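data38.txt (compact mmCIF, C-alpha atoms and all ligand atoms) appears below.
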# COMPACT_ATOMS: atom_id res chain seq x y z
CA MET A 1 0.00 0.00 0.00
CA GLU A 2 2.99 2.29 0.61
CA MET A 3 4.15 1.70 -2.95
CA TRP A 4 0.72 2.65 -4.27
CA ARG A 5 0.64 5.73 -2.03
CA ASP A 6 3.90 6.99 -3.54
CA LEU A 7 3.04 6.04 -7.13
CA ALA A 8 -0.63 6.99 -7.35
CA PRO A 9 -0.27 10.82 -7.55
CA ILE A 10 2.30 10.70 -10.39
CA GLY A 11 0.86 11.88 -13.71
CA ARG A 12 -2.75 11.85 -12.48
CA ASN A 13 -5.02 14.55 -13.92
CA ASN A 14 -6.98 16.15 -11.08
CA ASP A 15 -10.11 16.76 -13.16
CA THR A 16 -10.50 13.36 -14.80
CA ARG A 17 -8.54 11.35 -12.17
CA GLY A 18 -7.05 9.63 -15.23
CA TYR A 19 -3.32 9.12 -15.83
CA ARG A 20 -1.23 10.93 -18.43
CA ARG A 21 2.09 9.14 -18.13
CA TYR A 22 3.46 9.44 -21.66
CA ALA A 23 6.85 8.23 -22.80
CA TRP A 24 9.82 10.51 -22.00
CA THR A 25 7.71 13.19 -20.31
CA ALA A 26 8.12 14.56 -16.77
CA ALA A 27 5.47 12.15 -15.46
CA ASP A 28 7.39 9.25 -17.03
CA ALA A 29 10.59 10.49 -15.39
CA ASP A 30 8.83 10.58 -12.01
CA CYS A 31 7.57 7.01 -12.51
CA ARG A 32 11.11 5.94 -13.37
CA ALA A 33 12.44 7.66 -10.25
CA TRP A 34 9.83 5.78 -8.21
CA PHE A 35 10.98 2.45 -9.74
CA LYS A 36 14.65 3.23 -9.03
CA ALA A 37 13.83 4.10 -5.41
CA GLN A 38 11.88 0.85 -4.94
CA ALA A 39 14.82 -1.11 -6.35
CA GLU A 40 17.41 0.64 -4.22
CA THR A 41 15.48 0.41 -0.95
CA ARG A 42 15.46 -3.37 -1.53
CA GLY A 43 19.18 -3.51 -2.21
CA LEU A 44 18.63 -4.57 -5.83
CA ALA A 45 21.19 -3.71 -8.51
CA TYR A 46 19.48 -1.04 -10.62
CA GLU A 47 20.24 -0.42 -14.29
CA GLN A 48 18.67 0.77 -17.51
CA ASP A 49 19.16 -1.06 -20.76
CA ARG A 50 20.14 0.72 -23.97
CA ASN A 51 16.46 1.35 -24.72
CA GLY A 52 15.67 2.93 -21.38
CA ASN A 53 13.89 -0.10 -19.91
CA GLN A 54 14.53 -0.35 -16.17
CA TRP A 55 15.90 -3.52 -14.52
CA ALA A 56 16.34 -4.29 -10.81
CA TRP A 57 18.49 -7.38 -10.20
CA LEU A 58 18.84 -9.83 -7.30
CA GLY A 59 21.85 -12.03 -7.99
CA ASP A 60 24.35 -11.90 -10.84
CA PRO A 61 22.68 -11.67 -14.28
CA ARG A 62 25.76 -13.30 -15.86
CA THR A 63 24.74 -16.57 -14.18
CA GLY A 64 22.01 -16.80 -16.83
CA GLY A 65 18.58 -18.38 -16.59
CA ALA A 66 17.17 -15.35 -14.77
CA VAL A 67 13.52 -15.30 -13.77
CA VAL A 68 12.21 -11.85 -14.72
CA THR A 69 8.91 -10.25 -13.80
CA GLY A 70 7.53 -6.79 -14.44
CA SER A 71 5.31 -4.69 -16.68
CA HIS A 72 5.06 -0.99 -17.64
CA LEU A 73 4.33 2.32 -15.87
CA ASP A 74 3.23 4.47 -18.80
CA SER A 75 -0.47 4.95 -19.58
CA VAL A 76 -2.97 5.67 -22.32
CA PRO A 77 -4.49 9.19 -22.19
CA ASP A 78 -6.57 9.29 -18.99
CA GLY A 79 -5.82 5.63 -18.31
CA GLY A 80 -6.50 3.82 -15.07
CA ALA A 81 -4.22 3.21 -12.07
CA PHE A 82 -3.66 -0.54 -12.54
CA ASP A 83 -2.88 -1.15 -16.25
CA GLY A 84 0.88 -1.63 -16.02
CA PRO A 85 1.63 -0.44 -12.47
CA LEU A 86 -0.14 -3.44 -10.88
CA GLY A 87 2.46 -5.72 -12.47
CA VAL A 88 5.39 -3.61 -11.24
CA VAL A 89 4.07 -3.02 -7.71
CA SER A 90 3.17 -6.74 -7.43
CA ALA A 91 6.67 -7.72 -8.55
CA PHE A 92 8.31 -5.74 -5.74
CA ALA A 93 5.67 -6.99 -3.26
CA ALA A 94 6.21 -10.60 -4.38
CA LEU A 95 9.95 -10.22 -3.73
CA ASP A 96 9.19 -8.84 -0.27
CA GLU A 97 6.95 -11.89 0.32
CA LEU A 98 9.67 -14.30 -0.83
CA ARG A 99 12.14 -12.67 1.53
CA ARG A 100 9.60 -13.05 4.35
CA ARG A 101 9.41 -16.74 3.45
CA GLY A 102 13.19 -17.01 3.58
CA ALA A 103 13.21 -18.29 -0.01
CA GLU A 104 16.66 -19.30 -1.32
CA PHE A 105 17.20 -18.09 -4.89
CA THR A 106 19.04 -20.53 -7.12
CA ARG A 107 18.68 -18.26 -10.17
CA PRO A 108 18.98 -14.50 -10.64
CA LEU A 109 15.74 -12.56 -10.32
CA ALA A 110 14.96 -9.27 -12.06
CA ILE A 111 12.07 -6.83 -11.84
CA THR A 112 11.46 -4.66 -14.91
CA ASN A 113 9.65 -1.58 -16.12
CA PHE A 114 9.41 -1.60 -19.93
CA GLY A 115 9.20 1.91 -21.40
CA ASP A 116 6.45 3.22 -23.67
CA GLU A 117 4.22 0.14 -23.67
CA GLU A 118 1.03 2.05 -24.56
CA GLY A 119 2.43 4.03 -27.47
CA ALA A 120 0.21 6.93 -26.39
CA ARG A 121 2.68 9.62 -27.52
CA PHE A 122 4.40 8.13 -30.59
CA GLY A 123 1.65 5.78 -31.80
CA LEU A 124 3.52 2.46 -31.65
CA ALA A 125 2.80 0.03 -28.81
CA CYS A 126 5.58 -1.63 -26.76
CA VAL A 127 8.48 0.49 -28.04
CA GLY A 128 10.84 -0.41 -25.16
CA SER A 129 10.34 -4.17 -25.42
CA ARG A 130 10.20 -4.13 -29.25
CA LEU A 131 13.59 -2.37 -29.41
CA THR A 132 15.17 -4.77 -26.92
CA ALA A 133 13.69 -7.82 -28.67
CA GLY A 134 14.83 -6.53 -32.05
CA HIS A 135 11.29 -6.06 -33.42
CA LEU A 136 11.88 -2.36 -34.08
CA THR A 137 14.92 -1.03 -35.92
CA ARG A 138 16.68 2.18 -34.95
CA GLU A 139 15.53 3.72 -38.24
CA GLN A 140 11.91 2.88 -37.52
CA ALA A 141 12.25 4.21 -33.98
CA TYR A 142 13.88 7.42 -35.20
CA ALA A 143 10.93 8.02 -37.52
CA LEU A 144 8.40 8.02 -34.64
CA THR A 145 7.03 11.50 -34.06
CA ASP A 146 4.53 12.88 -31.56
CA ALA A 147 1.62 15.27 -32.23
CA ASP A 148 3.95 18.27 -31.77
CA GLY A 149 6.45 16.94 -34.30
CA ILE A 150 8.98 15.90 -31.65
CA THR A 151 10.77 12.72 -32.72
CA LEU A 152 11.45 9.83 -30.36
CA PRO A 153 15.24 10.39 -30.32
CA ARG A 154 14.73 14.09 -29.52
CA ALA A 155 12.31 13.21 -26.71
CA MET A 156 14.77 10.66 -25.30
CA GLU A 157 17.60 13.21 -25.46
CA ARG A 158 15.51 15.82 -23.65
CA ALA A 159 14.80 13.21 -20.96
CA GLY A 160 18.54 12.63 -20.56
CA TYR A 161 18.92 9.41 -22.58
CA ASP A 162 21.31 8.73 -25.43
CA PRO A 163 19.16 7.79 -28.46
CA GLU A 164 22.31 6.64 -30.25
CA ALA A 165 22.39 3.64 -27.89
CA ILE A 166 19.01 2.19 -28.83
CA GLY A 167 18.84 -1.16 -30.57
CA PRO A 168 18.42 -4.91 -30.11
CA ASP A 169 19.82 -6.39 -26.88
CA PRO A 170 20.13 -10.16 -27.55
CA GLU A 171 22.87 -10.60 -24.93
CA ARG A 172 20.51 -9.33 -22.24
CA LEU A 173 17.62 -11.51 -23.35
CA ALA A 174 19.93 -14.53 -23.58
CA ARG A 175 20.31 -14.24 -19.79
CA VAL A 176 16.56 -14.52 -19.24
CA GLY A 177 15.20 -17.99 -18.54
CA ALA A 178 11.57 -16.94 -18.10
CA PHE A 179 9.54 -13.71 -18.13
CA VAL A 180 6.27 -13.57 -16.17
CA GLU A 181 4.08 -10.44 -16.39
CA LEU A 182 1.27 -9.89 -13.91
CA HIS A 183 -1.45 -7.58 -15.25
CA VAL A 184 -4.92 -6.45 -14.26
CA GLU A 185 -7.40 -8.27 -16.46
CA GLN A 186 -8.85 -6.02 -19.17
CA GLY A 187 -12.18 -7.77 -19.44
CA ARG A 188 -14.54 -9.68 -17.15
CA ALA A 189 -13.60 -13.36 -17.59
CA LEU A 190 -12.34 -13.68 -13.99
CA ASP A 191 -15.27 -11.71 -12.64
CA LEU A 192 -17.63 -14.08 -14.44
CA SER A 193 -15.74 -17.23 -13.38
CA GLY A 194 -15.40 -16.01 -9.79
CA ASP A 195 -11.60 -16.33 -9.68
CA ALA A 196 -9.14 -13.77 -8.30
CA VAL A 197 -6.25 -14.86 -10.55
CA GLY A 198 -5.95 -16.34 -14.03
CA ILE A 199 -3.23 -17.48 -16.43
CA ALA A 200 -2.95 -16.19 -20.00
CA SER A 201 -3.13 -18.60 -22.90
CA ALA A 202 -2.76 -16.22 -25.84
CA ILE A 203 -2.90 -12.62 -27.05
CA TRP A 204 -5.09 -11.91 -30.06
CA PRO A 205 -3.41 -10.53 -33.19
CA HIS A 206 -4.04 -6.79 -33.25
CA GLY A 207 -2.94 -3.61 -34.97
CA ARG A 208 -3.40 0.12 -35.55
CA TRP A 209 -4.13 1.62 -39.01
CA ARG A 210 -4.26 5.34 -39.86
CA PHE A 211 -6.83 6.45 -42.47
CA ASP A 212 -6.15 9.86 -44.11
CA PHE A 213 -9.21 11.35 -45.85
CA ARG A 214 -8.19 14.39 -47.91
CA GLY A 215 -10.85 16.81 -49.20
CA GLU A 216 -11.07 20.54 -49.80
CA ALA A 217 -11.15 23.17 -47.09
CA ASN A 218 -13.94 25.68 -47.56
CA HIS A 219 -16.38 27.98 -45.78
CA ALA A 220 -18.99 26.13 -43.73
CA GLY A 221 -21.56 28.85 -44.31
CA THR A 222 -21.23 29.82 -47.95
CA THR A 223 -20.31 26.57 -49.73
CA ARG A 224 -23.26 24.82 -51.40
CA LEU A 225 -23.57 21.15 -50.41
CA ALA A 226 -23.16 20.12 -54.04
CA ASP A 227 -19.84 21.98 -54.24
CA ARG A 228 -18.27 20.38 -51.17
CA ARG A 229 -15.49 17.82 -50.94
CA ASP A 230 -15.90 17.11 -47.24
CA PRO A 231 -13.61 14.32 -45.87
CA MET A 232 -15.62 14.10 -42.65
CA LEU A 233 -18.41 12.28 -44.52
CA PRO A 234 -16.49 9.21 -45.74
CA TYR A 235 -14.70 9.15 -42.38
CA ALA A 236 -18.04 8.94 -40.55
CA GLN A 237 -19.34 6.25 -42.89
CA THR A 238 -16.11 4.26 -42.42
CA VAL A 239 -16.50 4.35 -38.62
CA LEU A 240 -19.97 2.83 -38.95
CA ALA A 241 -18.72 0.29 -41.50
CA ALA A 242 -15.92 -0.73 -39.10
CA ARG A 243 -18.46 -1.62 -36.41
CA GLU A 244 -20.55 -3.67 -38.88
CA GLU A 245 -17.57 -5.51 -40.40
CA ALA A 246 -16.22 -6.36 -36.93
CA ARG A 247 -19.63 -7.67 -35.90
CA LEU A 248 -19.81 -9.87 -39.00
CA ALA A 249 -16.28 -11.25 -38.45
CA GLY A 250 -16.57 -11.72 -34.67
CA ALA A 251 -13.71 -9.21 -34.31
CA VAL A 252 -13.44 -5.80 -32.62
CA ALA A 253 -12.76 -2.47 -34.31
CA THR A 254 -12.43 0.96 -32.73
CA PHE A 255 -11.91 4.43 -34.11
CA GLY A 256 -10.85 6.09 -30.86
CA LYS A 257 -8.63 8.89 -32.14
CA ILE A 258 -9.25 11.53 -34.81
CA ALA A 259 -7.29 14.55 -36.02
CA VAL A 260 -8.99 17.18 -38.20
CA GLU A 261 -7.31 19.98 -40.16
CA PRO A 262 -7.91 22.87 -39.76
CA ASN A 263 -10.30 21.70 -37.00
CA GLY A 264 -12.46 24.83 -37.07
CA VAL A 265 -16.18 24.80 -36.29
CA ASN A 266 -16.96 26.93 -39.35
CA ALA A 267 -14.50 25.29 -41.77
CA ILE A 268 -15.07 22.27 -43.98
CA PRO A 269 -11.98 20.15 -43.22
CA SER A 270 -9.17 19.68 -45.70
CA LEU A 271 -7.98 16.53 -43.90
CA VAL A 272 -9.55 14.05 -41.51
CA ARG A 273 -7.19 11.49 -39.96
CA GLY A 274 -8.80 8.52 -38.17
CA TRP A 275 -6.95 5.76 -36.32
CA LEU A 276 -8.43 2.25 -36.37
CA ASP A 277 -7.58 -0.29 -33.66
CA SER A 278 -8.73 -3.75 -34.72
CA ARG A 279 -8.23 -7.16 -33.11
CA ALA A 280 -9.56 -10.70 -33.54
CA ALA A 281 -9.01 -14.15 -32.06
CA ASP A 282 -7.29 -15.27 -35.27
CA GLN A 283 -5.38 -13.64 -38.11
CA ASP A 284 -7.98 -14.56 -40.77
CA ALA A 285 -10.81 -12.80 -38.97
CA LEU A 286 -8.57 -9.75 -38.43
CA ASP A 287 -7.49 -9.67 -42.07
CA ARG A 288 -11.10 -10.01 -43.25
CA THR A 289 -12.22 -7.18 -40.98
CA VAL A 290 -9.50 -4.69 -41.92
CA THR A 291 -9.73 -5.52 -45.62
CA ALA A 292 -13.50 -4.95 -45.56
CA ILE A 293 -13.10 -1.66 -43.67
CA GLU A 294 -10.47 -0.47 -46.15
CA LYS A 295 -12.73 -1.41 -49.09
CA ALA A 296 -15.63 0.50 -47.55
CA ALA A 297 -13.41 3.55 -46.90
CA ARG A 298 -12.27 3.61 -50.54
CA GLU A 299 -15.83 3.32 -51.82
CA TYR A 300 -17.12 6.07 -49.55
CA ALA A 301 -14.16 8.33 -50.38
CA GLU A 302 -14.72 7.79 -54.10
CA ALA A 303 -18.39 8.67 -53.77
CA HIS A 304 -17.50 12.02 -52.15
CA GLY A 305 -14.55 12.88 -54.40
CA ILE A 306 -12.15 12.36 -51.52
CA ASP A 307 -8.65 10.85 -51.59
CA VAL A 308 -8.02 8.25 -48.92
CA SER A 309 -4.77 6.57 -47.87
CA LEU A 310 -4.17 3.81 -45.31
CA THR A 311 -1.02 3.33 -43.21
CA ARG A 312 -0.45 0.44 -40.81
CA GLU A 313 1.25 2.04 -37.78
CA SER A 314 1.47 -0.86 -35.32
CA PHE A 315 0.92 -4.61 -35.54
CA THR A 316 1.38 -7.59 -33.24
CA PRO A 317 0.74 -11.14 -34.50
CA VAL A 318 -1.03 -13.72 -32.37
CA VAL A 319 0.96 -14.76 -29.29
CA ASP A 320 0.55 -18.31 -27.99
CA PHE A 321 2.34 -18.25 -24.64
CA ASP A 322 4.95 -20.94 -23.88
CA HIS A 323 2.95 -24.07 -23.01
CA ALA A 324 5.56 -25.57 -20.66
CA LEU A 325 5.80 -22.37 -18.60
CA ARG A 326 2.03 -21.90 -18.65
CA ASP A 327 1.48 -25.47 -17.43
CA GLU A 328 4.27 -25.16 -14.82
CA MET A 329 2.54 -22.07 -13.45
CA ALA A 330 -0.81 -23.85 -13.44
CA ARG A 331 0.81 -26.76 -11.54
CA ILE A 332 2.41 -24.38 -9.01
CA LEU A 333 -0.85 -22.44 -8.49
CA GLY A 334 -3.23 -25.35 -8.70
CA THR A 335 -3.23 -28.41 -6.46
CA GLY A 336 -1.99 -31.41 -8.44
CA ASN A 337 -2.45 -31.17 -12.18
CA GLU A 338 -5.99 -29.98 -12.56
CA LEU A 339 -6.16 -26.36 -13.59
CA LYS A 340 -7.46 -24.67 -10.44
CA VAL A 341 -6.59 -21.37 -12.01
CA PRO A 342 -8.49 -20.47 -15.20
CA VAL A 343 -6.51 -20.07 -18.40
CA LEU A 344 -7.82 -17.28 -20.62
CA GLY A 345 -7.00 -15.48 -23.86
CA THR A 346 -6.92 -11.72 -24.14
CA GLY A 347 -7.37 -9.02 -26.76
CA ALA A 348 -4.96 -6.72 -24.92
CA GLY A 349 -1.35 -6.38 -26.02
CA HIS A 350 1.51 -6.57 -23.53
CA ASP A 351 5.30 -6.47 -23.35
CA ALA A 352 5.07 -10.19 -22.56
CA GLY A 353 3.59 -10.63 -26.02
CA ILE A 354 6.63 -8.98 -27.58
CA LEU A 355 9.20 -10.87 -25.48
CA ALA A 356 7.45 -14.20 -26.20
CA SER A 357 9.43 -14.44 -29.45
CA SER A 358 12.74 -14.28 -27.55
CA VAL A 359 12.22 -15.97 -24.15
CA PRO A 360 9.70 -18.35 -22.51
CA THR A 361 6.95 -15.96 -21.41
CA ALA A 362 3.77 -16.17 -19.37
CA MET A 363 1.16 -13.86 -17.87
CA LEU A 364 -0.89 -13.80 -14.69
CA PHE A 365 -4.16 -11.85 -14.65
CA VAL A 366 -5.77 -10.29 -11.58
CA ARG A 367 -9.55 -9.92 -11.48
CA ASN A 368 -11.00 -6.63 -12.67
CA PRO A 369 -14.51 -6.48 -11.14
CA THR A 370 -15.98 -4.38 -13.95
CA GLY A 371 -13.61 -5.33 -16.78
CA VAL A 372 -13.20 -1.61 -17.52
CA SER A 373 -9.68 -0.54 -18.56
CA HIS A 374 -8.03 2.34 -20.42
CA SER A 375 -10.28 4.52 -18.27
CA PRO A 376 -10.05 6.29 -14.88
CA ALA A 377 -12.79 3.88 -13.77
CA GLU A 378 -10.39 0.89 -13.99
CA SER A 379 -10.37 -0.90 -10.64
CA ALA A 380 -9.17 -3.98 -8.77
CA ALA A 381 -10.07 -5.06 -5.23
CA GLU A 382 -7.28 -5.01 -2.66
CA ASP A 383 -7.87 -8.67 -1.76
CA ASP A 384 -7.53 -9.64 -5.43
CA CYS A 385 -4.34 -7.60 -5.77
CA LEU A 386 -2.95 -9.40 -2.69
CA ALA A 387 -3.99 -12.76 -4.18
CA GLY A 388 -2.05 -11.72 -7.27
CA VAL A 389 1.04 -10.97 -5.19
CA VAL A 390 0.86 -14.36 -3.46
CA ALA A 391 0.34 -16.14 -6.80
CA LEU A 392 3.29 -14.28 -8.34
CA ALA A 393 5.44 -15.07 -5.30
CA ASP A 394 4.47 -18.76 -5.58
CA VAL A 395 5.35 -18.79 -9.28
CA LEU A 396 8.67 -16.98 -8.74
CA GLU A 397 9.52 -19.34 -5.87
CA GLY A 398 8.67 -22.36 -8.02
CA LEU A 399 10.80 -21.07 -10.91
CA ALA A 400 13.75 -19.42 -9.15
CA CYS A 401 14.17 -20.91 -5.68
CA THR A 402 15.24 -24.24 -4.24
O1 LIG A 501 -3.55 -1.67 -26.54
C1 LIG A 501 -3.27 -2.59 -25.77
O2 LIG A 501 -3.80 -3.66 -25.92
C2 LIG A 501 -2.30 -2.41 -24.65
O3 LIG A 501 -2.96 -1.82 -23.58
N1 LIG A 501 -1.17 -1.61 -25.06
MN MN A 502 -3.01 -0.73 -21.70
MN MN A 503 -0.81 -2.77 -19.96
Spit out the file's structure as structure tokens when you get a sec.
Amino acid sequence: MEMWRDLAPIGRNNDTRGYRRYAWTAADADCRAWFKAQAETRGLAYEQDRNGNQWAWLGDPRTGGAVVTGSHLDSVPDGGAFDGPLGVVSAFAALDELRRRGAEFTRPLAITNFGDEEGARFGLACVGSRLTAGHLTREQAYALTDADGITLPRAMERAGYDPEAIGPDPERLARVGAFVELHVEQGRALDLSGDAVGIASAIWPHGRWRFDFRGEANHAGTTRLADRRDPMLPYAQTVLAAREEARLAGAVATFGKIAVEPNGVNAIPSLVRGWLDSRAADQDALDRTVTAIEKAAREYAEAHGIDVSLTRESFTPVVDFDHALRDEMARILGTGNELKVPVLGTGAGHDAGILASSVPTAMLFVRNPTGVSHSPAESAAEDDCLAGVVALADVLEGLACT
């Protein structure tokens, strides 16, 4: 509770009570300072990797086979308190619990905070873990730009980091034997099953596509309807088509962000930019959905004399978590072999999903009583959070201690 007391005020907007912890901003720096303090008060060896991800070590990493646990501290705009931070706070609390138990570590342990998981500022999810896992090249990272035109390397520099250092870190990942991320569930499966803790089976394939509808700026009051080339119209029709195509494919599709130029009440826009987030349980359904939405957008744009272009800004293929690690966790948490702890898929992306291509990876979910996430209303009961800490401690003990 002390950790939450110190972390909770950082980056919280007093009006919305939502969090605005964006990569390489002052709020992010304060979260990082909090992480460093938690590591140092526990006598852990603190370091940052070349991509700015934070690591707190118990034992010598060069031994290899480290058991690593952690999550992220950054947020979506006006995000909730638990998405990300619950995994980091629980990691430190699980270590405290293992020390209380007198656990003997036979492998190094590390606690991590992966930077820029939400991609709220630069548009790409999981930048810190993608860079370290080699899924994002320096060139691609250097091309990331925020809404004010500040590039990622510039933002890193202003935050005191050397952007020249960024890049893949295979040596570091070679020392990791297993990565376990605890995360608040973003959905209601555990609430419906009546369980405090669950194990992840898979992450749905998901991505972000930017639609640019270009029309002709003009006067809202004096331009006849017949003379307009208004990009807002095909945009609006595409949003409705996205919902219908997702419904038909059993997928999800969201237009949650829009940018309009010149964005004046009395001006017909010249440009309407809409960002689509779409996800589905399998790649086929996702492909069908996005292809159908793109087709609809082109037809609507054509009908209004509008140019439309589509850019895929972020994509993560399906992640099927390591079966051996998943089953080992289920054995540790359950009694005997039956799965006492439910195993569930998720449509939410995570750093664990990125690292799964490099190291054996697993996730633990903690019940979210309403399922609401990416909102100030996100919640988790204290008892469930404590159950998550005990479950994580049990898993870490089973994986890293005698
Ligand atoms: O968008 C996601 O699924 C994650 O919260 N970054
Ligand atoms: Mn999130
Ligand atoms: Mn998250």
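Using only C-alpha atoms and all ligand atoms, the shortest contact distance between ligand LIG 501 (chain A) and any of A:Arg50, A:Arg298, A:His206, A:His219 is found at A:His206.
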Please give me, as a ChimeraX atom specification, the residues lying within 8 Å of ligand LIG 501 (chain A) when counting all atoms listed in the file.
/A:76,83,117-119,125-126,206,347-350,374
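Across the model, the gap from atom CA of Phe365 of chain A to atom CA of Ala200 of chain A is 7.0 Å.
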Counting only C-alpha atoms and all ligand atoms, which protein, DNA or RNA residues come within 12 Å of ligand MN 503 (chain A), given as a tab-separated table (two decimals) with C-alpha atoms, in the coordinates of the input?
chain	number	residue	atom	x	y	z
A	70	GLY	CA	7.53	-6.79	-14.44
A	71	SER	CA	5.31	-4.69	-16.68
A	72	HIS	CA	5.06	-0.99	-17.64
A	73	LEU	CA	4.33	2.32	-15.87
A	74	ASP	CA	3.23	4.47	-18.80
A	75	SER	CA	-0.47	4.95	-19.58
A	76	VAL	CA	-2.97	5.67	-22.32
A	79	GLY	CA	-5.82	5.63	-18.31
A	80	GLY	CA	-6.50	3.82	-15.07
A	81	ALA	CA	-4.22	3.21	-12.07
A	82	PHE	CA	-3.66	-0.54	-12.54
A	83	ASP	CA	-2.88	-1.15	-16.25
A	84	GLY	CA	0.88	-1.63	-16.02
A	85	PRO	CA	1.63	-0.44	-12.47
A	86	LEU	CA	-0.14	-3.44	-10.88
A	87	GLY	CA	2.46	-5.72	-12.47
A	88	VAL	CA	5.39	-3.61	-11.24
A	113	ASN	CA	9.65	-1.58	-16.12
A	114	PHE	CA	9.41	-1.60	-19.93
A	115	GLY	CA	9.20	1.91	-21.40
A	116	ASP	CA	6.45	3.22	-23.67
A	117	GLU	CA	4.22	0.14	-23.67
A	118	GLU	CA	1.03	2.05	-24.56
A	119	GLY	CA	2.43	4.03	-27.47
A	120	ALA	CA	0.21	6.93	-26.39
A	125	ALA	CA	2.80	0.03	-28.81
A	126	CYS	CA	5.58	-1.63	-26.76
A	181	GLU	CA	4.08	-10.44	-16.39
A	182	LEU	CA	1.27	-9.89	-13.91
A	183	HIS	CA	-1.45	-7.58	-15.25
A	184	VAL	CA	-4.92	-6.45	-14.26
A	185	GLU	CA	-7.40	-8.27	-16.46
A	186	GLN	CA	-8.85	-6.02	-19.17
A	346	THR	CA	-6.92	-11.72	-24.14
A	347	GLY	CA	-7.37	-9.02	-26.76
A	348	ALA	CA	-4.96	-6.72	-24.92
A	349	GLY	CA	-1.35	-6.38	-26.02
A	350	HIS	CA	1.51	-6.57	-23.53
A	351	ASP	CA	5.30	-6.47	-23.35
A	352	ALA	CA	5.07	-10.19	-22.56
A	353	GLY	CA	3.59	-10.63	-26.02
A	363	MET	CA	1.16	-13.86	-17.87
A	365	PHE	CA	-4.16	-11.85	-14.65
A	373	SER	CA	-9.68	-0.54	-18.56
A	374	HIS	CA	-8.03	2.34	-20.42
A	378	GLU	CA	-10.39	0.89	-13.99
Env of Arg107 of chain A: 12 Å cut, atoms = all atoms listed in the file, seq-sep filter 5 positions within chain, self excluded. Answer as a count of residues only.
23
Closest to ligand MN 502 (chain A) among A:Ala281, A:Ala217, A:Val372, A:Met232, using all atoms listed in the file?
A:Val372
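When all atoms listed in the file are used to compute distances to ligand MN 502 (chain A), the closest of the residues A:Leu44, A:Met329, A:Gly187, A:Pro231 turns out to be A:Gly187.
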Which residue is closest to ligand MN 502 (chain A)? Choose from A:Ser375, A:Ala241, A:Val389, A:Glu328 and count all atoms listed in the file.
A:Ser375
Just want the 12 Å neighbourhood of segment 99-101 of chain A, counted on only C-alpha atoms, with same-chain residues fewer than 3 positions away dropped. Output as a list in words.
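The filter keeps Arg42, Leu58, Phe92, Ala93, Ala94, Leu95, Asp96, Glu104, Phe105, Val390, Ala393, Asp394, Leu396, Glu397 and Cys401 of chain A.
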Using only C-alpha atoms, please write the residues we just selected to a file, as a CSV table (one decimal), in the coordinates of the input.
chain,number,residue,atom,x,y,z
A,42,ARG,CA,15.5,-3.4,-1.5
A,58,LEU,CA,18.8,-9.8,-7.3
A,92,PHE,CA,8.3,-5.7,-5.7
A,93,ALA,CA,5.7,-7.0,-3.3
A,94,ALA,CA,6.2,-10.6,-4.4
A,95,LEU,CA,10.0,-10.2,-3.7
A,96,ASP,CA,9.2,-8.8,-0.3
A,104,GLU,CA,16.7,-19.3,-1.3
A,105,PHE,CA,17.2,-18.1,-4.9
A,390,VAL,CA,0.9,-14.4,-3.5
A,393,ALA,CA,5.4,-15.1,-5.3
A,394,ASP,CA,4.5,-18.8,-5.6
A,396,LEU,CA,8.7,-17.0,-8.7
A,397,GLU,CA,9.5,-19.3,-5.9
A,401,CYS,CA,14.2,-20.9,-5.7
Gap from atom CA of Asn368 of chain A to atom CA of Trp4 of chain A - Å, one decimal:
17.1 Å
Between A:Thr132, A:Ser278, A:Ser201, A:Ser270, which residue has the minimum interatomic distance to Ser358 of chain A, considering all atoms listed in the file?
A:Thr132
